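All remarks here apply to the structure that follows.
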Amino acid sequence: MPKTKQKLTEFIKFLGTAGARFVMIKQLRASGGLWISAQGKNILVDPGPGSIVRCASSRPKLDPTSLDAIILTHRHLDHANDINVMIEAMTEGGFKKKGIVFCPKDALEEDPIILKHVYNFPERFEVLKEKSKYRVGDFEFETGIRHIHPCETYGLKFKLGDRSISFIADTKYFKELIDCYKTDIIIICVVFFEPRPGIDHLCLLDAQELITAINPKQAILTHFGMTMLKSKPHIQAEELKKRLGIDVVAAYDGMTLEF
Ligand SMILES: [Zn+2]
Ligand SMILES: [Zn+2]
């Protein structure tokens, strides 16, 4: 049989849509992060608690030994808890030196979230800085501006198929986010239903502001805290869609977007 050249599908799978502590602790939503397959590379973003379990229970199964990179947007446990076990998995138990780990500097410093135990396993670590470009083979991504959040945090921008995509990680709302994340699709971490001044997270009104100003082809809400879950994210997304005339969806555990 002659080999036919098959175009590999590029996709993002939501291994979890939990945000902040209580939804994570109770596992009302899973907290496994995002799996991206693009340009022949597999990349895991923000492996929170249960990321490895979610890979194994995913249908079709996602094999963490096939990972080429892991990206941490920041060191909070709901984003980073499974980073060590995922590094071990990516490197086949530490026996195969491969893969790249991208993280902000403070993930490696005092009280590091990444254990010294795994330091020599990946091919290399790359420290994330704001507005910088990185690559994993042919997959390229860019960090946004530094977010307003209690630890060093960056959102990400990348391309899948012919679409530009932003992942707007945890942050307090500030207007510079708008220019920073002007892409076709925006994935927004919306923790709160109502504003909670003094806590550096986005609420639904902030998300509405971002969606209106950015005017993307599609906005995806994820990383829900308790108050968002109680307000039923899919209903809130539907209302936003009607109000703004922009395609808004609420992510669910296991949701996959193909490009
Ligand atoms: Zn978070
Ligand atoms: Zn956080």
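Simple scheme: letters A, B, ... for chains in structure tokens order, numbers from 1 for residues in each chain, numbers from 1 for ligands in the order shown.
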
**Study point:** Selection near range 140-153 of chain A, 7 Å with only C-alpha atoms, sequence-local residues under 3 positions removed, as a count of residues only
**Key:** 19

**Study point:** Near-ligand residues for ligand 1, threshold 6 Å, only C-alpha atoms and all ligand atoms, as a list in words
**Key:**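 My answer, listing the contacting residues, is Gly19, Ala20, Asp78 and Asp170 of chain A.
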
Check your understanding: DSSP says strand (DSSP E) for which residues of range 43-204 of chain A? Put them as a VMD selection string?
Key -> chain A and resid 43 to 45 69 to 71 100 to 104 124 to 128 133 to 136 139 to 146 154 to 160 163 to 168 185 to 192 202 to 203

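If you count only C-alpha atoms and ignore residues fewer than 3 places along the chain from Leu205 in chain A, what sits within 9 Å of it is Phe193, Glu194, Pro195, Leu202, Gln208, Glu209 and Leu210 of chain A.
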
Just C-alpha atoms for this one: save the residues we selected as an mmCIF file, in the first residue's frame.
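Everything below was put into part-v2.cif:
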```
data_model
loop_
_atom_site.group_PDB
_atom_site.id
_atom_site.type_symbol
_atom_site.label_atom_id
_atom_site.label_comp_id
_atom_site.auth_asym_id
_atom_site.auth_seq_id
_atom_site.Cartn_x
_atom_site.Cartn_y
_atom_site.Cartn_z
ATOM 1 C CA PHE A 193 -19.555 35.293 38.500
ATOM 2 C CA GLU A 194 -19.614 38.696 40.189
ATOM 3 C CA PRO A 195 -16.786 41.173 40.759
ATOM 4 C CA LEU A 202 -11.524 37.791 36.163
ATOM 5 C CA GLN A 208 -17.736 40.452 28.695
ATOM 6 C CA GLU A 209 -15.539 43.538 28.506
ATOM 7 C CA LEU A 210 -12.690 41.585 26.942
#
```

**Study point:** range 235-245 of chain A environment, 8 Å, only C-alpha atoms, sequence neighbours closer than 4 positions dropped, as a PyMOL selection string
**Key:** chain A and resi 208+212+221+231+249-250

Write the residues of the preceding selection, restricted to N, CA, C and O atoms, as a tab-separated table (two decimals), in the first residue's frame.
```
chain	number	residue	atom	x	y	z
A	208	GLN	N	-16.88	39.75	29.66
A	208	GLN	CA	-17.74	40.45	28.69
A	208	GLN	C	-17.00	41.65	28.08
A	208	GLN	O	-17.05	41.89	26.88
A	212	THR	N	-16.12	41.94	24.17
A	212	THR	CA	-16.63	43.08	23.41
A	212	THR	C	-15.49	43.84	22.73
A	212	THR	O	-15.55	44.16	21.54
A	221	LEU	N	-15.18	30.31	27.54
A	221	LEU	CA	-15.02	30.55	28.97
A	221	LEU	C	-14.58	29.25	29.64
A	221	LEU	O	-15.09	28.18	29.32
A	231	SER	N	-23.83	29.54	38.71
A	231	SER	CA	-24.59	30.35	37.75
A	231	SER	C	-24.70	29.68	36.38
A	231	SER	O	-25.15	30.31	35.42
A	249	VAL	N	-18.84	30.29	24.08
A	249	VAL	CA	-19.18	28.96	24.62
A	249	VAL	C	-18.51	28.76	25.96
A	249	VAL	O	-17.48	29.35	26.27
A	250	ALA	N	-19.13	27.91	26.78
A	250	ALA	CA	-18.54	27.55	28.07
A	250	ALA	C	-17.86	26.20	27.87
A	250	ALA	O	-18.49	25.25	27.37
```
